[in-house]
Amino acid sequence: MADYKPQQIEKKWQDFWSAKGTYRVSEHNTRKKYYVLEMFPYPSGRIHMGHVRNYTIGDVVSRFKRARGFNVLHPIGWDAFGLPAENAAIQNSIHPSIWTRGNIEQMKQQLMRLGFSYDWSREIATCDVKYYRWEQWLFTRLHREGLAYRKTSVVNWDPVDQTVLANEQVIDGRGWRSGAVVEKKEIPQWFLRVSDYSEELLGELEHMTGWPDAVKTMQKNWIGRSEGVEAEFRVDGQEMPLKVFTTRPDTIMGVTYLALAPEHPLAGEVAKNRPDVADFISRCRKTLVSEAEIETVEKSGVSLEIDATHPISGEKIPVWTANFVLMSYGTGAVMSVPAHDQRDWEFAKKYGLGIKQVIFPKDGNEFDIEERAFTEKGTLGDSGWLSGLTSQEAFAKIAGFLEENSAGGTRTNYRLRDWGISRQRYWGAPIPIIHCERCGEVPVPDSDLPVELPLEIDIDGQRIPALSKIESFTATVCPECGEPARRETDTMDTFMESSWYFLRYASPDFEDGMFDPQKASYWLPVDQYIGGIEHAILHLLYSRFFTKALRDLELLKLDEPFENLLTQGMVVKDGAKMSKSLGNTVDPDDMIARYGADTVRMFMLFAAPVEKDLEWSERGVNGMFRFLGRVWRFATELLSEPQNGEHSGKFSAKGKATELEASTNRTIRKVTEDIESFKFNTAISAVMELFNELGSLWKEKEVGREDARPALLVITRLLYPMAPHFAEEIWELSGESGNLVDKEWIKWDEESFEGAEITIPVRVNSRVRNQISIKADSDEETAREAALSDSRVAEYIAGREIKNFVYVPKRIVDIRV
RNA sequence: GCCCGGGUGGCGGAAUUGGUAGACGCAAGGGACUUAAAAUCCCUCGGGAGUUUCUCCCGUGCCGGUUCGAGUCCGGCCCUGGGCACCA
């Protein structure tokens, strides 16, 4: 018997796998391919527990699928551009590149210590020129297709630091470093036309059976397709009518005012002569960065003191600007119907605007419109020639009327906006465009790609120079006319890199394109994608968009990138997400040093179901260490006897061996099915139960060495995907041939536990009164007889009439008297 | 504010997807071993009651409903986590 010392065995097996090149794969293989991928990490410095959880899950899937006979691709890389590198650079006067490279080196070592089955030969880092050059190449193709375009858009501007801020860097309307009040600035920026794909991105969701419903619903709502009507309201003295979009055209006769987003051009127009309006506009957007803030702030507005003409009634309708109207949705203007929309109602009450009810309950009941808005559909009234119609009938009538009078008509609107990819930052992939006074926006020709990010920069100050400040970078000549020109100085959103990295893994060193088409068509789609739920919308939607755009560029024959998706919960401690700022992080390295990688992995899998948050508990880790220690001691004791080299692996049928054999086989089935469905916590429980049973039978001398051995070997093999070093070592100790990493997954023998008697409860008047033992496949008559002949059950029936008898095979007998 | 999740013992969780609520583990208490500690091993462990090898009652956030039967389905509340387009 020996103590379990993981430190002595884990390195040994890691070196063994690495020396053998066990996880290197190629397309030249007769097995069926399986591509398992975890979301790649941002190299922030050190691995955190969220990574450990994510990658442990992926590793179990990878090892399990290998054992099930698949040619498994399991790659890893680094999402290496991003804001934190610049922050670190400023803080520590270290170049973002050096900081990032150092982190990658460190984190790679950490991942290796966890024993993950990665094909390290495919490692990529998105800040490598050989990676982002192909992203630049793609950008020029998207540009050619009109899918990349420039328009002005607003950024957060820190007037003290003279820099653009991310939303995250704006706290209560102030720059996080300078504390200066943030200003809004309109600058030209690059966008990708995701909206062209709204319909397909939405429609395809229906067929994506391998994705969680919650994620699909979130994406569906994010795309936000709505059928409605656009109506035009003419404004005196304005050439262009005001357009509004509404999903409730039936309420149009109840419009009492129009509300414009503060950024609406007409509001800006009026503001020129109205200081109060100008003041309102500048005030109301200054501190509001996100949609969440805009929608929770107290509603306020100001009248523009102009009137619009109702397209149907011809009435004069006052026009306001209000802080809750979003410029980015619909037309940036809404028709307000206080009687039938609660938000409009509240605004109208606050500013004394009219409330006109035009929809009435179908059942003819009264509704007090002074109390709140009536938002249901119903019958139109007080609506002129539309009165008496139902909401549904009115929809079509009104749309038709607007159409005929060239004042609007039916429209489908999407909430999904085009993707702004411009970042005014240094640490990113430069956008490959040259601005020429004569030729306009000229994409960098293929022969001049890549546009390398200049690495020689001065970072000792408190600022990283934007590319626009680096003259040697900006100055160039126009590829078309040869005259002096300037480079685009925006870099690309880091979501660009993560939208296609899964394709690059198929051929990470390919030099003639983004990926080798043959290899990509072999490996893709990703069969199992695993990552945090926080990426449910943006990253996953952008990756889907990229895949479809690449398909339409005829670079890829693929509609969707990720066949199956698993979203795992966060790792929390004391109820809060582990984060540096909260100071509640736990370093995986400490845990590995103390307990070993296998214990940490097992704990991560055992402590919570994958999709739920996991509460970190070092006591729990210790408990898992004790479990592995018990198995270890049992194994070393059992296997210490000299082996004769011949093991049938069969149970003897002596004593309780048959029972142990049945439990062993039942456990194989349970663990296999649980791993298939990612229920690792119950898979581990099942192994623990089997081990507990084996332990007691052994201690009570109910089974001998010959029967303990096959059970223990099964336990070892079932633990292998989760605790691979541990399992390999015991396997080697047992003297069995080969290594588990190359072994087929273990099969179970159904016959060993079929046909056994089972115990089911008998309920009388909803209370369990006793259990009966019957064959699993007993018919109702047999079950009835068994139940009624049970003395305790009989006591509770006691001569009363049986009013109802229910028998659910293998489950329950329920009697009502 | 809008969208999507989640609420089960002291704690993490299990419950064959409508069929014995609390598997497995942690913590706690008691005991064995030990000079001692650690480690290890054994027992108890949702609450209450009783005639205490056993039996009864209550119990899955709250209120109501469907059903022979509800942690699971339906309606309405409360609390809580994630996302909201420049954090990744």
# chains A, B, ... in the order shown; residues from 1 in each chain; ligands from 1
$ interface_residues --of "chain A" --to "chain B" --cutoff "6 Å" --atoms "only C-alpha atoms (C1' of nucleotides)" --output "MDAnalysis selection string"
chainID A and resid 166:167 214 218 295:296 607 620 685 761 811:812
$ residues_around --residues "region 94-98 of chain A" --least-positions-apart "6" --cutoff "7 Å" --atoms "only C-alpha atoms (C1' of nucleotides)" --output "ChimeraX atom specification"
/A:85-86,427,459
$ write_last_selection --atoms "N, CA and C atoms" --output "CSV table (one decimal), in the first residue's frame"
chain,number,residue,atom,x,y,z
A,85,ALA,N,-4.0,44.3,-22.8
A,85,ALA,CA,-2.5,44.4,-23.1
A,85,ALA,C,-2.1,45.9,-23.1
A,86,GLU,N,-3.0,46.8,-23.6
A,86,GLU,CA,-2.6,48.2,-23.6
A,86,GLU,C,-2.6,48.8,-22.2
A,427,TRP,N,-3.2,48.1,-30.2
A,427,TRP,CA,-3.0,46.6,-30.1
A,427,TRP,C,-4.1,45.8,-30.8
A,459,ILE,N,6.7,53.5,-25.5
A,459,ILE,CA,5.6,53.3,-24.5
A,459,ILE,C,6.0,53.7,-23.1
$ residues_around --residues "U17 (chain B)" --least-positions-apart "4" --cutoff "12 Å" --atoms "only C-alpha atoms (C1' of nucleotides)" --output "CSV table (one decimal) with N, CA, C and O atoms (P, O5', C5', C4', C3', O3' and C1' of nucleotides), in the first residue's frame"
chain,number,residue,atom,x,y,z
B,71,G,P,-43.7,17.5,-5.3
B,71,G,O5',-42.3,18.4,-5.5
B,71,G,C5',-42.3,19.8,-5.4
B,71,G,C4',-41.2,20.3,-6.2
B,71,G,C3',-41.4,20.4,-7.7
B,71,G,O3',-42.1,21.5,-8.1
B,71,G,C1',-39.3,19.4,-7.2
B,72,U,P,-43.1,21.5,-9.3
B,72,U,O5',-42.4,20.8,-10.5
B,72,U,C5',-41.3,21.6,-11.2
B,72,U,C4',-40.7,20.7,-12.3
B,72,U,C3',-41.7,20.4,-13.4
B,72,U,O3',-41.1,20.5,-14.6
B,72,U,C1',-40.8,18.4,-12.4
B,73,C,P,-41.4,21.8,-15.5
B,73,C,O5',-42.9,21.6,-15.9
B,73,C,C5',-43.2,20.9,-17.1
B,73,C,C4',-44.7,21.1,-17.3
B,73,C,C3',-45.3,22.5,-17.1
B,73,C,O3',-45.1,23.3,-18.2
B,73,C,C1',-46.7,20.8,-16.1
$ closest_residue --among "A:Asn54, A:Thr126, A:Thr410, A:Gln14" --to "Gly531 (chain A)" --atoms "only C-alpha atoms"
A:Asn54
$ select_by_dssp --residues "region 71-296 of chain A" --states "strand (DSSP E or B)" --output "JSON, numbers by chain"
{"A": [71, 72, 73, 77, 78, 124, 125, 148, 149, 150, 151, 152, 153, 154, 155, 156, 157, 158, 163, 164, 165, 170, 171, 174, 175, 181, 183, 184, 185, 186, 187, 188, 189, 190, 191, 192, 226, 227, 228, 229, 230, 231, 232, 233, 234, 235, 242, 243, 244, 245, 246, 257, 258, 259, 260]}
$ write_last_selection --atoms "C-alpha atoms" --output "mmCIF file, in the first residue's frame"
data_model
loop_
_atom_site.group_PDB
_atom_site.id
_atom_site.type_symbol
_atom_site.label_atom_id
_atom_site.label_comp_id
_atom_site.auth_asym_id
_atom_site.auth_seq_id
_atom_site.Cartn_x
_atom_site.Cartn_y
_atom_site.Cartn_z
ATOM 1 C CA ASN A 71 -10.168 10.891 -35.213
ATOM 2 C CA VAL A 72 -10.302 13.758 -32.744
ATOM 3 C CA LEU A 73 -9.053 17.268 -33.472
ATOM 4 C CA GLY A 77 -4.605 28.973 -29.282
ATOM 5 C CA TRP A 78 -4.646 32.536 -28.042
ATOM 6 C CA ILE A 124 -2.111 29.840 -32.992
ATOM 7 C CA ALA A 125 -1.879 33.370 -31.624
ATOM 8 C CA ALA A 148 -17.538 46.368 -45.369
ATOM 9 C CA TYR A 149 -18.374 50.068 -45.509
ATOM 10 C CA ARG A 150 -17.701 53.288 -43.697
ATOM 11 C CA LYS A 151 -20.149 55.585 -41.975
ATOM 12 C CA THR A 152 -19.955 58.078 -39.159
ATOM 13 C CA SER A 153 -20.714 56.827 -35.735
ATOM 14 C CA VAL A 154 -20.361 57.938 -32.145
ATOM 15 C CA VAL A 155 -17.498 57.065 -29.794
ATOM 16 C CA ASN A 156 -16.755 57.911 -26.155
ATOM 17 C CA TRP A 157 -14.050 60.548 -26.119
ATOM 18 C CA ASP A 158 -11.898 61.283 -23.108
ATOM 19 C CA THR A 163 -8.366 58.857 -26.394
ATOM 20 C CA VAL A 164 -11.418 56.832 -27.328
ATOM 21 C CA LEU A 165 -12.860 54.818 -24.463
ATOM 22 C CA VAL A 170 -16.728 54.837 -18.896
ATOM 23 C CA ILE A 171 -17.866 54.858 -15.286
ATOM 24 C CA ARG A 174 -16.410 59.709 -16.678
ATOM 25 C CA GLY A 175 -13.181 58.302 -18.057
ATOM 26 C CA VAL A 181 -16.482 63.875 -18.207
ATOM 27 C CA GLU A 183 -17.736 63.470 -24.570
ATOM 28 C CA LYS A 184 -19.450 62.000 -27.573
ATOM 29 C CA LYS A 185 -17.632 62.321 -30.815
ATOM 30 C CA GLU A 186 -18.799 61.441 -34.298
ATOM 31 C CA ILE A 187 -16.106 59.907 -36.452
ATOM 32 C CA PRO A 188 -16.119 57.782 -39.597
ATOM 33 C CA GLN A 189 -15.810 54.103 -38.793
ATOM 34 C CA TRP A 190 -15.896 50.746 -40.515
ATOM 35 C CA PHE A 191 -18.912 48.479 -40.376
ATOM 36 C CA LEU A 192 -19.716 44.992 -41.579
ATOM 37 C CA SER A 226 -40.719 42.390 -36.267
ATOM 38 C CA GLU A 227 -43.453 42.884 -38.807
ATOM 39 C CA GLY A 228 -44.957 46.311 -38.746
ATOM 40 C CA VAL A 229 -45.729 49.435 -40.659
ATOM 41 C CA GLU A 230 -43.720 52.475 -41.552
ATOM 42 C CA ALA A 231 -45.705 55.679 -41.562
ATOM 43 C CA GLU A 232 -44.624 59.099 -42.779
ATOM 44 C CA PHE A 233 -45.596 62.278 -40.997
ATOM 45 C CA ARG A 234 -45.034 65.474 -43.003
ATOM 46 C CA VAL A 235 -43.438 68.346 -41.134
ATOM 47 C CA LEU A 242 -40.599 61.995 -40.472
ATOM 48 C CA LYS A 243 -40.648 58.222 -40.748
ATOM 49 C CA VAL A 244 -41.715 56.073 -37.859
ATOM 50 C CA PHE A 245 -41.868 52.314 -37.517
ATOM 51 C CA THR A 246 -44.566 50.658 -35.454
ATOM 52 C CA TYR A 257 -47.141 63.204 -30.193
ATOM 53 C CA LEU A 258 -44.033 62.031 -32.016
ATOM 54 C CA ALA A 259 -40.756 61.416 -30.202
ATOM 55 C CA LEU A 260 -37.324 61.633 -31.799
#
$ select_by_dssp --residues "region 276-494 of chain A" --states "alpha helix (DSSP H)" --output "PyMOL selection string"
chain A and resi 276-286+291-296+342-351+391-404+471-474+494
$ closest_residue --among "A:Ala787, A:Val289, A:Val703, A:Met335" --to "Gln169 (chain A)" --atoms "only C-alpha atoms"
A:Val289
$ residues_around --residues "C77 (chain B)" --least-positions-apart "3" --cutoff "12 Å" --atoms "only C-alpha atoms (C1' of nucleotides)" --output "list in words"
G61, C62, C63 and G64 of chain B
$ residues_around --residues "region 277-281 of chain A" --least-positions-apart "5" --cutoff "10 Å" --atoms "only C-alpha atoms (C1' of nucleotides)" --output "ChimeraX atom specification"
/A:261-264,267-272,286,300-304,320-323
$ residues_around --residues "G47 (chain B)" --least-positions-apart "2" --cutoff "10 Å" --atoms "only C-alpha atoms (C1' of nucleotides)" --output "number ranges by chain"
B: 9, 58-59
$ write_last_selection --atoms "N, CA and C atoms (P, O5', C5', C4', C3', O3' and C1' of nucleotides)" --output "PDB file, in the first residue's frame"
ATOM      1  P     G B   9     -33.080  23.824   0.835  1.00  0.00           P
ATOM      2  O5'   G B   9     -32.248  22.551   1.305  1.00  0.00           O
ATOM      3  C5'   G B   9     -31.312  22.703   2.322  1.00  0.00           C
ATOM      4  C4'   G B   9     -31.754  21.922   3.544  1.00  0.00           C
ATOM      5  C3'   G B   9     -30.744  22.033   4.681  1.00  0.00           C
ATOM      6  O3'   G B   9     -31.450  21.950   5.910  1.00  0.00           O
ATOM      7  C1'   G B   9     -31.030  19.763   4.054  1.00  0.00           C
ATOM      8  P     C B  58     -48.960  15.563   6.187  1.00  0.00           P
ATOM      9  O5'   C B  58     -47.829  16.657   6.459  1.00  0.00           O
ATOM     10  C5'   C B  58     -48.172  17.903   7.060  1.00  0.00           C
ATOM     11  C4'   C B  58     -46.929  18.732   7.275  1.00  0.00           C
ATOM     12  C3'   C B  58     -46.097  19.032   6.034  1.00  0.00           C
ATOM     13  O3'   C B  58     -46.637  20.095   5.278  1.00  0.00           O
ATOM     14  C1'   C B  58     -44.662  18.366   7.784  1.00  0.00           C
ATOM     15  P     G B  59     -46.404  20.125   3.668  1.00  0.00           P
ATOM     16  O5'   G B  59     -44.824  20.271   3.550  1.00  0.00           O
ATOM     17  C5'   G B  59     -44.196  21.506   3.862  1.00  0.00           C
ATOM     18  C4'   G B  59     -42.702  21.347   3.739  1.00  0.00           C
ATOM     19  C3'   G B  59     -42.206  20.982   2.342  1.00  0.00           C
ATOM     20  O3'   G B  59     -42.058  22.149   1.551  1.00  0.00           O
ATOM     21  C1'   G B  59     -41.164  19.594   3.953  1.00  0.00           C
TER      22        G B  59
END
$ residues_around --residues "G31 (chain B)" --least-positions-apart "3" --cutoff "12 Å" --atoms "only C-alpha atoms (C1' of nucleotides)" --output "NGL selection string"
:B and (41-44)
